[in-house]
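Note sheet for the following structure.
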Amino acid sequence: MNLHQHDPHQHDHGSELSEMQLRVRALETVLTEKGYVDPKALDFIIDAFETKIGPHIGARVVAKAWADPDFKRRLIADATAAIGDLGLDARATHLIAVENTPRLHNMVVCTLCSCYPWDMLGLPPVWYKSAPYRSRAVMDPRGVLADFGVSLPADTEIRVWDSTAETRYLVVPMRPASADDWSEERLASLVTRDSMIGTGLARAPGGSP
Amino acid sequence: MNGVHDMGGMHGFGKVEAEPDEPVFHASWEGRVFAMNRAIGYLGLWSIDVGRFSRETLPPPVYLGSSYYKKWILGLENLCVQFGLLGKPVKRVLTAVDAPKTLARGSFDRPPPTPAKFEPGDRVRTRNINPPGHTRLPRYARGHSGVVECVRGCHVFPDAVANGKGEDPHWLYTVVFDGRELWGEAADPTVKVSIEAWEPYLEAA
């Protein structure tokens, strides 16, 4: 029994891949015949999550919050309403935005499963759903940050949000210094997925990606 | 249930390892599994917490030894049997025309049957419950005192809906705990952890 976490490379071995392909195809075939799914609808959903819904949406929201203090206030007060006003396709249902400051760093986890702000970030990476992250984020967040190469001052308060309900959390990372006169579009390029989960910081202008 | 899915505070799983340039799906079958769950979920045959419970009740070695989407297909297979989807054909198929509707999450907020019992600033203690069915109160946060930080509305109660007892909406709160309250005096004093807790999980402290 392999008790290790999901290893993305295990699919290269072929045996699980073909077994899983057959197994999934069998269920899709039956459910299609019975009338519960339409393969074309599945194609649409896959395409949406592969090509349209992703962290670029959250990055736009964060960049706007950096550039527009009034929007940031409204985002922190009611993220669902503030994002609704932007006219994006995204509907950020039950979304809560939390802001990092020099004194406070926020980090989001779902210890029980994999709850994640899909509307803003798309589907979560494997590590977010993995046992190492889910087990340690609530007990040893500084250790987790170290795994990501992030070290915060010893007196920074760390707040971990365990997503145990249908509310979803978006971290608004700190705006990097020296990007003062940047447009929203350029600012968005500094906003990484991990910085919106709280396991990373925003990119420094001119820094490595 | 006190299952292996309830991982907060466990030791021994090792470092968090991020995969650079990770694809959304690592194999085409993962996308099919995800989309099937999304499409069938939209039909409203079962709630999201029933789906979660189908994965939580996988045998522990299977849960720990399976990749994420493998857990999803195993859970979905069980639900299809449990809800009789492999029996008579139906005409309720979700077509490609309707597929965009599956992208938006539904709302879980419901009209409150009673006024909220707690308000921000109230000291509360989480109950020490160990139900065999589905619950969203993690083990590490049971029997601890914390502070209500925010009232989030009145939401569908997972402990009821996943166990066949209807939506039974209850007030939902963000409750924040000091890290030392959860993990002991030796814990990092700069850490605070919050959960979202439904009112039945809480008592006044």
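Letters A, B, ... mark the chains of the structure tokens in the order given; residue numbers begin at 1 per chain; ligand numbers begin at 1, in order shown.
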Inset, instruction - Output as a ChimeraX atom specification all residues of chain B that backbone DSSP marks as helix (DSSP H, G or I). - result: /B:28-42,48-56,60-65,68-82,99-103,139-141,158-161,179-183,199-201
Legend entry - range 141-155 of chain A surroundings by only C-alpha atoms, 10 Å radius, close-in-sequence under 3 positions cut, as a PyMOL selection string: (chain A and resi 102-107+132-133+136-138+158-160+194+198-201) or (chain B and resi 15-18+188-193)
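With CA of Leu202 in chain B on one side and CA of Asp140 in chain A on the other, the separation reads 25.0 Å.
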Using only C-alpha atoms, find each residue in range 46-92 of chain B having at least one atom no more than 12 Å away from range 99-113 of chain B; report its shortest atom-to-atom pair and that distance in Å (one decimal), rows by chain then rising number, as JSON lines.
```
{"residue": "B:Ser47", "atom": "CA", "partner": "B:Phe108", "partner_atom": "CA", "distance": 10.5}
{"residue": "B:Ile48", "atom": "CA", "partner": "B:Gly106", "partner_atom": "CA", "distance": 10.3}
{"residue": "B:Asp49", "atom": "CA", "partner": "B:Phe108", "partner_atom": "CA", "distance": 11.5}
```
Restricting it to N, CA and C atoms, dump the selection as a PDB file, in the first residue's frame.
```pdb
ATOM      1  N   SER B  47     -26.347  17.044  -1.773  1.00  0.00           N
ATOM      2  CA  SER B  47     -25.703  18.306  -1.422  1.00  0.00           C
ATOM      3  C   SER B  47     -24.183  18.143  -1.416  1.00  0.00           C
ATOM      4  N   ILE B  48     -23.501  19.266  -1.356  1.00  0.00           N
ATOM      5  CA  ILE B  48     -22.035  19.239  -1.387  1.00  0.00           C
ATOM      6  C   ILE B  48     -21.482  18.458  -0.192  1.00  0.00           C
ATOM      7  N   ASP B  49     -22.174  18.509   0.949  1.00  0.00           N
ATOM      8  CA  ASP B  49     -21.676  17.786   2.123  1.00  0.00           C
ATOM      9  C   ASP B  49     -21.909  16.277   2.013  1.00  0.00           C
TER      10      ASP B  49
END
```
Inset, instruction - Go through B:Gly8, B:Gly3, B:Gly143, B:Gly153 one by one, measure the shortest atom-to-atom distance of each to chain A using only C-alpha atoms, and give the residue with the smallest value. - result: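 That would be B:Gly8, the residue with the smallest distance to chain A.
Of the listed residues B:Val148, B:Met10, B:Ala27, B:Leu94, the one whose atoms come nearest to Val176 in chain B is B:Val148, with distances taken using only C-alpha atoms.
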Legend entry - For Ser67 in chain B, the nearest of the candidates A:Thr80, A:Thr29, A:Ser130, A:Asn100, counting only C-alpha atoms: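 The shortest atom-to-atom distance to Ser67 in chain B comes from A:Ser130.
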Legend entry - Of the listed residues B:Asp168, B:Asp98, B:Glu19, B:Glu77, that which approaches Trp198 in chain B most closely, counting only C-alpha atoms: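 That would be B:Asp168, the residue with the smallest distance to Trp198 in chain B.
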Inset, instruction - Tell me which of B:Ala35, B:Ala187, B:Ile129, B:Ala116 sits closest to Asp47 in chain A, counting only C-alpha atoms. - result: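 The answer is B:Ala35, which sits nearest to Asp47 in chain A.
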Legend entry - range 72-74 of chain B surroundings by only C-alpha atoms, 12 Å radius, close-in-sequence under 5 positions cut, as a ChimeraX atom specification: /A:20-28,113-114 /B:29-38,51-59,62-63,66-67,79-81
Convert the current residue selection to file output with C-alpha atoms, as a PDB file, in the first residue's frame.
```
ATOM      1  CA  MET A  20      -8.088   5.081 -13.924  1.00  0.00           C
ATOM      2  CA  GLN A  21      -8.845   5.983 -17.523  1.00  0.00           C
ATOM      3  CA  LEU A  22     -10.896   2.826 -17.925  1.00  0.00           C
ATOM      4  CA  ARG A  23     -12.641   3.268 -14.622  1.00  0.00           C
ATOM      5  CA  VAL A  24     -13.607   6.882 -15.288  1.00  0.00           C
ATOM      6  CA  ARG A  25     -14.643   6.167 -18.855  1.00  0.00           C
ATOM      7  CA  ALA A  26     -16.874   3.335 -17.624  1.00  0.00           C
ATOM      8  CA  LEU A  27     -18.713   5.623 -15.211  1.00  0.00           C
ATOM      9  CA  GLU A  28     -19.025   8.421 -17.770  1.00  0.00           C
ATOM     10  CA  CYS A 113     -10.979  18.652   2.359  1.00  0.00           C
ATOM     11  CA  SER A 114      -9.991  21.164  -0.303  1.00  0.00           C
TER      12      SER A 114
ATOM     13  CA  TRP B  29      -9.388  11.392 -16.635  1.00  0.00           C
ATOM     14  CA  GLU B  30      -8.943  13.858 -13.765  1.00  0.00           C
ATOM     15  CA  GLY B  31     -10.773  16.503 -15.785  1.00  0.00           C
ATOM     16  CA  ARG B  32     -13.588  14.043 -16.604  1.00  0.00           C
ATOM     17  CA  VAL B  33     -13.986  13.161 -12.915  1.00  0.00           C
ATOM     18  CA  PHE B  34     -14.025  16.805 -11.895  1.00  0.00           C
ATOM     19  CA  ALA B  35     -16.560  17.722 -14.585  1.00  0.00           C
ATOM     20  CA  MET B  36     -18.826  14.759 -13.805  1.00  0.00           C
ATOM     21  CA  ASN B  37     -18.949  15.814 -10.174  1.00  0.00           C
ATOM     22  CA  ARG B  38     -19.699  19.384 -11.173  1.00  0.00           C
ATOM     23  CA  GLY B  51     -20.352  14.493  -1.636  1.00  0.00           C
ATOM     24  CA  ARG B  52     -17.737  15.266   1.018  1.00  0.00           C
ATOM     25  CA  PHE B  53     -19.029  12.484   3.253  1.00  0.00           C
ATOM     26  CA  SER B  54     -18.731   9.997   0.370  1.00  0.00           C
ATOM     27  CA  ARG B  55     -14.975  10.665   0.345  1.00  0.00           C
ATOM     28  CA  GLU B  56     -14.596  10.815   4.139  1.00  0.00           C
ATOM     29  CA  THR B  57     -16.123   7.333   4.426  1.00  0.00           C
ATOM     30  CA  LEU B  58     -13.612   5.719   2.055  1.00  0.00           C
ATOM     31  CA  PRO B  59     -11.547   3.204   4.056  1.00  0.00           C
ATOM     32  CA  VAL B  62      -7.728   4.049   0.490  1.00  0.00           C
ATOM     33  CA  TYR B  63      -8.201   7.704   1.451  1.00  0.00           C
ATOM     34  CA  SER B  66      -5.271   7.664  -3.390  1.00  0.00           C
ATOM     35  CA  SER B  67      -4.624  10.762  -5.411  1.00  0.00           C
ATOM     36  CA  LEU B  79     -23.019   7.937  -4.558  1.00  0.00           C
ATOM     37  CA  CYS B  80     -24.239   6.702  -7.941  1.00  0.00           C
ATOM     38  CA  VAL B  81     -25.040   3.354  -6.341  1.00  0.00           C
TER      39      VAL B  81
END
```
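Residue nearest Ile195 in chain B within the list B:His134, B:Lys165, B:Lys91, B:Arg139: B:Arg139 [criterion: smallest interatomic distance, only C-alpha atoms].
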Legend entry - Distance query Val191 in chain A at most 10 Å, only C-alpha atoms, self and fewer than 3 positions along chain excluded, as a ChimeraX atom specification: /A:55-56,58-63,172-176,186-188,194-196,200-204
Quick one: write out the picked residues with N, CA and C atoms as a short mmCIF file (atom, residue, chain, number, x, y, z; two decimals), in the first residue's frame?
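Output saved as result-v2.cif:
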```cif
data_model
loop_
_atom_site.label_atom_id
_atom_site.label_comp_id
_atom_site.auth_asym_id
_atom_site.auth_seq_id
_atom_site.Cartn_x
_atom_site.Cartn_y
_atom_site.Cartn_z
N PRO A 55 -6.01 32.07 -11.43
CA PRO A 55 -5.52 33.12 -10.52
C PRO A 55 -5.41 34.50 -11.15
N HIS A 56 -5.50 34.56 -12.50
CA HIS A 56 -5.46 35.90 -13.13
C HIS A 56 -6.67 36.73 -12.69
N GLY A 58 -8.21 36.60 -9.60
CA GLY A 58 -7.88 37.12 -8.27
C GLY A 58 -6.83 38.22 -8.35
N ALA A 59 -5.87 38.03 -9.26
CA ALA A 59 -4.80 39.03 -9.40
C ALA A 59 -5.35 40.39 -9.84
N ARG A 60 -6.35 40.36 -10.70
CA ARG A 60 -6.98 41.63 -11.12
C ARG A 60 -7.65 42.31 -9.94
N VAL A 61 -8.31 41.51 -9.12
CA VAL A 61 -9.01 42.07 -7.96
C VAL A 61 -8.01 42.67 -6.97
N VAL A 62 -6.93 41.94 -6.72
CA VAL A 62 -5.92 42.44 -5.78
C VAL A 62 -5.27 43.72 -6.33
N ALA A 63 -4.94 43.72 -7.61
CA ALA A 63 -4.31 44.91 -8.20
C ALA A 63 -5.22 46.12 -8.09
N VAL A 172 -5.32 39.35 0.40
CA VAL A 172 -4.79 40.51 -0.33
C VAL A 172 -3.37 40.74 0.18
N PRO A 173 -2.37 40.33 -0.61
CA PRO A 173 -0.99 40.46 -0.12
C PRO A 173 -0.58 41.93 -0.02
N MET A 174 0.55 42.16 0.65
CA MET A 174 1.05 43.53 0.73
C MET A 174 1.57 43.98 -0.64
N ARG A 175 1.29 45.22 -0.95
CA ARG A 175 1.77 45.78 -2.21
C ARG A 175 3.28 46.01 -2.12
N PRO A 176 4.03 45.52 -3.09
CA PRO A 176 5.48 45.71 -3.02
C PRO A 176 5.82 47.19 -3.10
N ARG A 186 -0.23 46.30 -14.79
CA ARG A 186 1.14 45.91 -14.43
C ARG A 186 1.18 45.38 -13.01
N LEU A 187 0.44 46.01 -12.11
CA LEU A 187 0.41 45.53 -10.72
C LEU A 187 -0.07 44.08 -10.65
N ALA A 188 -1.06 43.74 -11.51
CA ALA A 188 -1.61 42.37 -11.47
C ALA A 188 -0.52 41.34 -11.76
N ASP A 194 0.11 31.96 -5.03
CA ASP A 194 0.45 31.64 -3.64
C ASP A 194 0.31 32.86 -2.72
N SER A 195 0.54 34.06 -3.28
CA SER A 195 0.40 35.25 -2.43
C SER A 195 -1.06 35.48 -2.04
N MET A 196 -1.99 34.94 -2.85
CA MET A 196 -3.42 35.09 -2.54
C MET A 196 -3.94 33.95 -1.67
N GLY A 200 2.78 32.67 -0.02
CA GLY A 200 3.80 33.41 -0.74
C GLY A 200 3.58 34.90 -0.53
N LEU A 201 4.49 35.68 -1.07
CA LEU A 201 4.36 37.13 -1.06
C LEU A 201 4.23 37.59 -2.50
N ALA A 202 3.77 38.80 -2.69
CA ALA A 202 3.71 39.33 -4.05
C ALA A 202 5.14 39.48 -4.59
N ARG A 203 5.28 39.40 -5.92
CA ARG A 203 6.60 39.56 -6.54
C ARG A 203 7.11 40.98 -6.34
N ALA A 204 8.41 41.10 -6.21
CA ALA A 204 9.01 42.43 -6.21
C ALA A 204 9.15 42.89 -7.66
#
```
Inset, instruction - Determine which residues of range 1-199 of chain A DSSP labels as strand (DSSP E) from the backbone of this structure, then write them out as a PyMOL selection string. - result: chain A and resi 95-99+104-109+157-162+168-172
Spatial neighbours of Lys72 in chain A, 9 Å, only C-alpha atoms, chain gap at least 6 places, as a compact mmCIF listing (two decimals) with C-alpha atoms, in the first residue's frame:
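Wrote result-v9.txt, looks like this:
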```
# COMPACT_ATOMS: atom_id res chain seq x y z
CA VAL A 62 -5.92 42.44 -5.78
CA LYS A 64 -7.46 47.00 -8.15
CA ALA A 65 -7.44 46.94 -4.35
CA TRP A 66 -3.81 48.13 -4.38
CA ALA A 82 -17.41 44.64 -4.30
```
Legend entry - All residues 9 Å or closer to Thr167 in chain A, only C-alpha atoms, same chain fewer than 4 positions away omitted, as a VMD selection string: (chain A and resid 93 to 96 115 117 163) or (chain B and resid 152 196)
Using C-alpha atoms, can you export the residues from the last selection as a PDB file, in the first residue's frame?
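Here's the written file again.pdb:
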```
ATOM      1  CA  THR A  93     -20.135  33.731  -3.753  1.00  0.00           C
ATOM      2  CA  HIS A  94     -19.542  33.916   0.034  1.00  0.00           C
ATOM      3  CA  LEU A  95     -16.098  35.438  -0.532  1.00  0.00           C
ATOM      4  CA  ILE A  96     -14.139  37.139   2.232  1.00  0.00           C
ATOM      5  CA  CYS A 115     -12.197  24.278  -0.024  1.00  0.00           C
ATOM      6  CA  PRO A 117     -11.851  30.251  -3.751  1.00  0.00           C
ATOM      7  CA  SER A 163     -12.185  26.980   5.494  1.00  0.00           C
TER       8      SER A 163
ATOM      9  CA  ARG B 152     -21.370  35.124   8.538  1.00  0.00           C
ATOM     10  CA  GLU B 196     -16.112  28.755  10.643  1.00  0.00           C
TER      11      GLU B 196
END
```
